[in-house]
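Peer 1: The structure file data12.csv (CSV, C-alpha atoms) is provided below.
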chain,number,residue,atom,x,y,z
S,1,MET,CA,336.0,9.1,66.3
S,2,ALA,CA,333.7,9.9,69.2
S,3,LYS,CA,334.8,8.6,72.5
S,4,LYS,CA,332.6,5.8,73.8
S,5,VAL,CA,331.1,6.9,77.2
S,6,ARG,CA,330.5,4.1,79.6
S,7,LYS,CA,326.9,4.3,80.8
S,8,ASN,CA,326.4,5.0,84.4
S,9,ASP,CA,329.9,5.2,85.6
S,10,ILE,CA,329.1,5.6,89.3
S,11,LYS,CA,331.6,6.7,91.9
S,12,PHE,CA,331.4,8.0,95.4
S,13,LYS,CA,333.7,10.7,96.7
S,14,GLU,CA,334.3,11.1,100.4
S,15,ILE,CA,333.9,14.5,102.1
S,16,THR,CA,336.5,15.3,104.6
S,17,ILE,CA,335.2,15.6,108.1
S,18,LYS,CA,338.0,16.9,110.2
S,19,PHE,CA,336.7,15.9,113.6
S,20,ASP,CA,338.2,12.8,115.2
S,21,ASN,CA,334.9,11.9,117.0
S,22,LYS,CA,332.9,11.4,113.8
S,23,ILE,CA,330.7,8.3,113.7
S,24,HIS,CA,329.6,8.6,110.1
S,25,ARG,CA,331.6,8.9,106.9
S,26,VAL,CA,330.0,11.2,104.3
S,27,PHE,CA,330.2,10.7,100.5
S,28,TYR,CA,328.7,12.3,97.4
S,29,LEU,CA,327.7,10.7,94.1
S,30,VAL,CA,329.7,11.3,90.9
S,31,LYS,CA,327.9,9.8,87.9
S,32,ASN,CA,329.6,9.9,84.5
S,33,ASN,CA,332.2,12.3,85.9
S,34,ARG,CA,329.5,14.8,87.1
S,35,SER,CA,328.0,15.3,90.6
S,36,GLN,CA,324.6,16.8,90.3
S,37,VAL,CA,324.5,17.3,94.1
S,38,MET,CA,327.8,19.2,94.3
S,39,ASP,CA,327.3,21.1,91.0
S,40,SER,CA,324.2,22.5,92.5
S,41,PHE,CA,325.8,23.0,95.9
S,42,ARG,CA,328.4,25.3,94.2
S,43,GLN,CA,325.6,27.6,93.0
S,44,LEU,CA,324.2,28.2,96.4
S,45,GLU,CA,324.8,31.4,98.4
S,46,THR,CA,327.8,31.3,100.8
S,47,ASP,CA,325.7,31.4,103.9
S,48,THR,CA,323.6,28.4,102.7
S,49,GLN,CA,326.8,26.5,101.9
S,50,ASP,CA,328.2,27.3,105.4
S,51,ARG,CA,325.0,26.1,107.0
S,52,ILE,CA,325.0,22.9,105.0
S,53,LYS,CA,328.7,22.3,105.8
S,54,ALA,CA,327.9,22.8,109.5
S,55,MET,CA,324.9,20.5,109.3
S,56,ILE,CA,326.8,17.7,107.5
S,57,ASN,CA,329.6,17.9,110.1
S,58,ASP,CA,327.0,17.7,112.9
S,59,MET,CA,325.4,14.7,111.2
S,60,ALA,CA,328.8,13.0,110.9
S,61,VAL,CA,329.7,13.6,114.5
S,62,LEU,CA,326.3,13.2,116.3
S,63,GLY,CA,324.6,10.7,114.0
S,64,ASP,CA,320.8,10.5,114.5
S,65,LYS,CA,321.2,12.2,117.9
S,66,PHE,CA,321.3,15.2,115.7
S,67,ASP,CA,317.6,15.3,115.6
S,68,ASN,CA,316.5,18.5,114.0
S,69,GLU,CA,313.3,17.5,112.3
S,70,LYS,CA,312.7,20.8,110.6
S,71,ASN,CA,315.9,20.6,108.7
S,72,ILE,CA,317.0,17.0,108.8
S,73,ARG,CA,314.9,13.9,108.2
S,74,TRP,CA,317.0,10.8,108.5
S,75,LYS,CA,314.3,8.7,106.9
S,76,LEU,CA,311.3,10.0,105.0
S,77,ARG,CA,308.0,8.4,105.8
S,78,LYS,CA,307.4,5.4,103.4
S,79,TYR,CA,310.9,5.7,102.0
S,80,ASP,CA,314.4,4.6,103.2
S,81,TYR,CA,316.3,7.7,102.4
S,82,GLY,CA,316.5,11.1,104.0
S,83,GLU,CA,316.9,14.8,103.3
S,84,ILE,CA,318.4,18.0,104.5
S,85,LYS,CA,315.9,20.8,103.9
S,86,LEU,CA,316.9,24.4,104.2
S,87,ASP,CA,314.3,26.8,102.8
S,88,CYS,CA,313.9,25.6,99.2
S,89,HIS,CA,317.1,23.6,99.1
S,90,ARG,CA,317.0,19.8,99.6
S,91,MET,CA,320.0,17.5,99.7
S,92,ILE,CA,318.8,13.9,99.4
S,93,PHE,CA,320.9,11.1,101.0
S,94,PHE,CA,320.8,7.5,101.9
S,95,GLN,CA,322.7,5.5,104.5
S,96,LYS,CA,324.5,2.3,103.8
S,97,PHE,CA,326.4,-0.1,106.1
S,98,GLU,CA,325.1,1.9,109.0
S,99,ASN,CA,327.8,4.5,109.2
S,100,ASN,CA,328.0,5.9,105.7
S,101,ILE,CA,325.9,8.8,104.5
S,102,ILE,CA,325.7,9.3,100.7
S,103,PHE,CA,324.4,12.5,99.1
S,104,PHE,CA,323.0,11.7,95.7
S,105,LYS,CA,320.6,14.4,94.7
S,106,TYR,CA,319.9,18.1,95.0
S,107,LEU,CA,316.4,19.5,94.5
S,108,GLU,CA,315.2,23.1,94.7
S,109,LYS,CA,311.6,23.2,95.7
S,110,LYS,CA,309.7,25.1,98.4
S,111,GLY,CA,306.8,23.3,100.0
S,112,LYS,CA,305.9,19.7,99.5
S,113,LEU,CA,307.2,17.4,96.8
S,114,LYS,CA,304.9,15.3,94.8
S,115,ASP,CA,304.8,11.6,95.7
S,116,ALA,CA,305.9,10.8,92.1
S,117,VAL,CA,309.2,12.7,92.8
S,118,TYR,CA,309.8,10.7,96.0
S,119,LYS,CA,309.1,7.4,94.1
S,120,SER,CA,311.6,8.4,91.4
S,121,LEU,CA,314.2,9.3,94.1
S,122,GLN,CA,313.6,5.9,95.7
S,123,LYS,CA,314.4,4.3,92.3
S,124,GLU,CA,317.5,6.3,91.9
S,125,LYS,CA,318.6,5.6,95.4
S,126,ASP,CA,318.2,1.8,94.9
S,127,GLU,CA,320.4,2.0,91.8
S,128,TYR,CA,323.2,3.9,93.6
S,129,GLU,CA,322.9,1.8,96.8
S,130,LYS,CA,323.7,-1.3,94.8
S,131,GLU,CA,326.9,0.3,93.5
S,132,PHE,CA,328.1,1.5,96.9
S,133,LYS,CA,330.7,-0.9,98.3
S,134,ARG,CA,331.8,-1.0,101.9
S,135,PRO,CA,334.6,1.6,102.1
S,136,ILE,CA,338.0,0.6,103.6
Y,137,MET,CA,341.8,19.0,78.3
Y,138,LYS,CA,338.8,17.6,80.1
Y,139,LYS,CA,339.2,17.7,83.9
Y,140,ASN,CA,338.6,14.4,85.7
Y,141,SER,CA,336.2,14.3,88.6
Y,142,LYS,CA,339.1,14.4,91.1
Y,143,ASP,CA,340.1,17.9,89.8
Y,144,GLN,CA,336.6,19.0,89.0
Y,145,TYR,CA,335.4,18.8,92.6
Y,146,LYS,CA,338.7,19.9,94.3
Y,147,ASP,CA,337.1,23.2,95.4
Y,148,ILE,CA,334.3,21.2,97.1
Y,149,ASP,CA,336.8,18.9,98.8
Y,150,ASP,CA,338.8,21.9,99.9
Y,151,PHE,CA,335.7,23.7,101.2
Y,152,PHE,CA,334.7,20.8,103.4
Y,153,ALA,CA,338.3,20.0,104.5
Y,154,ALA,CA,338.9,23.6,105.6
Y,155,ASP,CA,338.7,24.7,109.2
Y,156,PHE,CA,335.3,26.2,110.2
Y,157,THR,CA,334.9,29.8,109.4
Y,158,SER,CA,333.1,32.1,112.0
Y,159,ASN,CA,329.9,31.8,110.1
Y,160,GLN,CA,330.1,28.0,110.0
Y,161,LYS,CA,330.9,27.9,113.7
Y,162,ALA,CA,327.9,30.1,114.4
Y,163,TRP,CA,325.7,27.8,112.4
Y,164,SER,CA,327.0,24.7,114.1
Y,165,MET,CA,326.3,26.3,117.5
Y,166,ILE,CA,322.8,27.4,116.4
Y,167,HIS,CA,322.1,23.8,115.1
Y,168,ASN,CA,323.3,22.4,118.4
Y,169,TYR,CA,321.3,24.9,120.4
Y,170,TYR,CA,318.1,24.1,118.6
Y,171,ASN,CA,318.9,20.4,118.7
Y,172,LEU,CA,318.9,20.6,122.5
Y,173,ILE,CA,315.8,22.9,122.7
Y,174,LEU,CA,313.8,20.7,120.3
Y,175,SER,CA,314.9,17.5,122.0
Y,176,GLU,CA,313.9,18.9,125.4
Y,177,MET,CA,310.6,20.0,124.0
Y,178,LYS,CA,310.0,16.5,122.6
Y,179,LYS,CA,311.1,14.7,125.8
Y,180,LYS,CA,309.0,16.9,128.1
Y,181,GLU,CA,306.1,17.2,125.6
Y,182,ILE,CA,306.4,20.9,125.7
Y,183,LYS,CA,304.3,22.7,123.0
Y,184,ARG,CA,305.0,26.0,121.4
Y,185,THR,CA,301.8,27.3,123.0
Y,186,ASP,CA,303.3,26.4,126.5
Y,187,ILE,CA,306.5,28.4,125.7
Y,188,ALA,CA,304.4,31.3,124.4
Y,189,ALA,CA,302.5,31.4,127.7
Y,190,LYS,CA,305.7,31.3,129.7
Y,191,LEU,CA,307.4,34.0,127.6
Y,192,LYS,CA,304.1,36.0,127.4
Y,193,VAL,CA,304.3,36.2,123.7
Y,194,THR,CA,302.1,34.8,120.8
Y,195,PRO,CA,302.7,31.3,119.5
Y,196,ALA,CA,303.6,33.0,116.2
Y,197,ALA,CA,306.4,34.8,118.0
Y,198,VAL,CA,307.7,31.4,119.4
Y,199,SER,CA,307.6,30.0,115.8
Y,200,LYS,CA,309.7,33.0,114.7
Y,201,LEU,CA,312.2,32.3,117.6
Y,202,LEU,CA,312.4,28.7,116.5
Y,203,ASN,CA,313.2,29.7,112.9
Y,204,LYS,CA,316.9,29.2,113.1
Y,205,THR,CA,319.1,32.2,112.6
Y,206,PRO,CA,322.6,32.9,113.9
Y,207,ASN,CA,321.4,36.4,114.8
Y,208,ILE,CA,319.2,35.3,117.6
Y,209,SER,CA,320.0,37.6,120.6
Y,210,LEU,CA,321.6,36.2,123.7
Y,211,ARG,CA,318.6,37.4,125.7
Y,212,LYS,CA,316.3,35.4,123.4
Y,213,MET,CA,318.5,32.3,123.7
Y,214,VAL,CA,318.4,32.5,127.5
Y,215,GLU,CA,314.6,33.1,127.5
Y,216,LEU,CA,313.9,30.2,125.2
Y,217,ALA,CA,316.3,27.9,127.0
Y,218,ASP,CA,314.8,28.8,130.4
Y,219,SER,CA,311.3,28.2,129.1
Y,220,VAL,CA,312.1,24.5,128.4
Y,221,GLY,CA,314.1,24.0,131.6
Y,222,LEU,CA,317.7,24.7,130.4
Y,223,ASP,CA,320.1,26.9,132.2
Y,224,PHE,CA,322.3,29.1,130.0
Y,225,GLU,CA,325.3,30.9,131.3
Y,226,LEU,CA,328.2,32.8,129.7
Y,227,ARG,CA,331.3,32.7,131.9
Y,228,PRO,CA,334.6,34.3,131.0
Y,229,VAL,CA,337.7,32.6,132.4
Y,230,ILE,CA,341.1,34.3,132.3
Y,231,VAL,CA,343.9,31.8,132.2
Y,232,GLN,CA,347.2,32.8,134.0
Y,233,ASN,CA,349.6,32.7,131.1
Y,234,GLU,CA,347.9,34.5,128.2
Y,235,ILE,CA,350.5,33.4,125.6
Y,236,GLU,CA,350.8,29.8,126.5
Y,237,ASN,CA,347.2,29.5,127.6
Y,238,PRO,CA,344.7,31.6,125.6
Y,239,THR,CA,341.8,33.3,127.3
Y,240,VAL,CA,338.9,30.9,127.3
Y,241,ILE,CA,335.3,31.9,127.3
Y,242,TYR,CA,332.9,29.3,128.3
Y,243,LEU,CA,329.4,29.2,126.9
Y,244,ASN,CA,327.8,26.7,129.2
Y,245,TRP,CA,324.6,24.7,129.1
Y,246,ASN,CA,323.4,23.0,132.1
Y,247,ILE,CA,320.2,21.1,131.6
Y,248,LYS,CA,318.1,20.9,134.7
Y,249,SER,CA,317.7,17.2,134.5
Y,250,GLU,CA,319.7,14.0,134.8
Y,251,THR,CA,321.3,14.7,131.4
Y,252,SER,CA,323.6,17.7,131.2
Y,253,CYS,CA,325.5,19.2,128.3
Y,254,LYS,CA,327.8,22.1,127.9
Y,255,ILE,CA,328.6,24.2,124.9
Y,256,GLU,CA,332.0,25.8,125.6
Y,257,ALA,CA,333.8,28.3,123.4
Y,258,SER,CA,337.3,29.6,123.6
Y,259,SER,CA,339.5,32.2,121.8
Y,260,SER,CA,340.5,31.9,118.1
Y,261,SER,CA,343.6,29.8,118.8
Y,262,ALA,CA,341.4,26.8,119.2
Y,263,THR,CA,339.6,24.2,117.2
Y,264,TRP,CA,335.8,24.0,117.0
Y,265,PHE,CA,334.4,20.6,117.8
Y,266,PRO,CA,330.7,20.6,116.8
Y,267,GLY,CA,329.7,17.3,118.3
Y,268,LYS,CA,331.5,17.9,121.5
Y,269,HIS,CA,330.1,21.4,121.8
Y,270,TYR,CA,333.4,23.1,122.7
Y,271,TYR,CA,336.5,24.6,121.2
Y,272,GLU,CA,339.6,22.7,122.1
Y,273,PRO,CA,342.7,25.0,122.6
Y,274,VAL,CA,345.6,24.0,120.5
Y,275,LYS,CA,348.0,24.7,123.3
Y,276,PRO,CA,348.2,23.4,126.0
Y,277,SER,CA,346.3,20.1,126.2
Y,278,ARG,CA,342.7,20.2,127.2
Y,279,SER,CA,343.2,18.9,130.7
Y,280,THR,CA,345.7,21.5,131.6
Y,281,VAL,CA,343.6,24.5,130.6
Y,282,ASN,CA,340.6,23.7,132.7
Y,283,GLU,CA,339.1,20.6,134.0
Y,284,GLU,CA,335.7,21.8,132.8
Y,285,LEU,CA,336.6,21.3,129.2
Y,286,THR,CA,334.4,18.3,129.1
Y,287,CYS,CA,331.1,17.7,127.4
Y,288,TYR,CA,328.3,15.8,129.0
Y,289,GLY,CA,325.6,14.3,126.9
Y,290,GLY,CA,324.5,16.1,123.8
Can you turn what I pasted into structure tokens?
Peer 2:
Amino acid sequence: MAKKVRKNDIKFKEITIKFDNKIHRVFYLVKNNRSQVMDSFRQLETDTQDRIKAMINDMAVLGDKFDNEKNIRWKLRKYDYGEIKLDCHRMIFFQKFENNIIFFKYLEKKGKLKDAVYKSLQKEKDEYEKEFKRPI
Amino acid sequence: MKKNSKDQYKDIDDFFAADFTSNQKAWSMIHNYYNLILSEMKKKEIKRTDIAAKLKVTPAAVSKLLNKTPNISLRKMVELADSVGLDFELRPVIVQNEIENPTVIYLNWNIKSETSCKIEASSSSATWFPGKHYYEPVKPSRSTVNEELTCYGG
């Protein structure tokens, strides 16, 4: 008998930030046992992975003082989520309870994204945000 | 047997939990360097064309400089920092007991304004702290190595 899969089993896994002086905790979304953002991250070149790791650590430690508008936008205009953008790689995240950063989507696209994509990301973000409980 | 998500993403968890590699340290330093440059440009309303005029290069060359790469030369880093009013100095410090106290090389930033920040680096037997802009030697404690192992601003 086929196993019944529960729809939208949403979990958030924490990324280890080794620095004591971090002001944010960082999580990634795991939906139905899969993480689209980390599955995609795995496929990236080592240098890009290194760069993203360094960037995530800087975000966790410096918070929005880490203002590097070319690569990080903490909040997109008109929307309440942000993105890391390195060349064609975009890691989309939202913030909840002030000090939690949650990565929920990876997109590969050079140049501008269509507004419809941003709207759809907003919907996704709203869905995940509801599920994110204040971590202990 | 199907892996659960805990096992599935163990490699990811390990990757982020591991100490910074040289490449990751280089990227973190570059991010922090540009963070300071861009913040200073924003604060002082310095345009790329202003920097181009100071450095006697084209605005396109400035844009190229601002395209982050860990391979930016030390000379270019100094020139760019200077053009936005930041002082950049590399100062080696030999500590007396080499075994107990590793040789520390400081990479200092002194912003010519009321806010100052330093990026300091030491030898490999140290830990990289991206937000604090310095490596902290494992042994001995920070304060006994050098009083200047302190970060201002950033």
Peer 1: Compute the chain S side of the contact with chain Y at 6 Å, counting only C-alpha atoms, and hand it back as a ChimeraX atom specification.
Peer 2: /S:16,33,50-51,54,61-62,68
Peer 1: Report, in Å to a single decimal, how far apart CA of Arg73 in chain S and CA of Asp87 in chain S are.
Peer 2: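 We find that CA of Asp87 in chain S and CA of Arg73 in chain S lie 14.0 Å from each other.
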Peer 1: How many Å separate CA of Phe103 in chain S from CA of Asn21 in chain S?
Peer 2: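 Computing it gives 20.8 Å between the two atoms.
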Peer 1: So how far away is CA of Asp64 in chain S from CA of Glu108 in chain S, in Å?
Peer 2: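 For CA of Glu108 in chain S relative to CA of Asp64 in chain S, the distance reads 24.1 Å.
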Peer 1: Which of these, S:Ile15, S:Ile23, S:Val37, S:Leu44, has the shortest distance to Cys88 in chain S once you count only C-alpha atoms?
Peer 2: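 For Cys88 in chain S, the nearest of the candidates is S:Leu44.
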Peer 1: Can you pull out the residues contacting Ala197 in chain Y? Cut-off 12 Å, using all atoms listed in the file, and skip same-chain residues under 3 positions away; I want them as a PDB file with C-alpha atoms, keeping the file's coordinate frame.
Peer 2:
ATOM      1  CA  ARG Y 184     305.000  26.000 121.400  1.00  0.00           C
ATOM      2  CA  THR Y 185     301.800  27.300 123.000  1.00  0.00           C
ATOM      3  CA  ILE Y 187     306.500  28.400 125.700  1.00  0.00           C
ATOM      4  CA  ALA Y 188     304.400  31.300 124.400  1.00  0.00           C
ATOM      5  CA  ALA Y 189     302.500  31.400 127.700  1.00  0.00           C
ATOM      6  CA  LEU Y 191     307.400  34.000 127.600  1.00  0.00           C
ATOM      7  CA  LYS Y 192     304.100  36.000 127.400  1.00  0.00           C
ATOM      8  CA  VAL Y 193     304.300  36.200 123.700  1.00  0.00           C
ATOM      9  CA  THR Y 194     302.100  34.800 120.800  1.00  0.00           C
ATOM     10  CA  LYS Y 200     309.700  33.000 114.700  1.00  0.00           C
ATOM     11  CA  LEU Y 201     312.200  32.300 117.600  1.00  0.00           C
ATOM     12  CA  LEU Y 202     312.400  28.700 116.500  1.00  0.00           C
ATOM     13  CA  ASN Y 203     313.200  29.700 112.900  1.00  0.00           C
ATOM     14  CA  LYS Y 212     316.300  35.400 123.400  1.00  0.00           C
ATOM     15  CA  LEU Y 216     313.900  30.200 125.200  1.00  0.00           C
TER      16      LEU Y 216
END
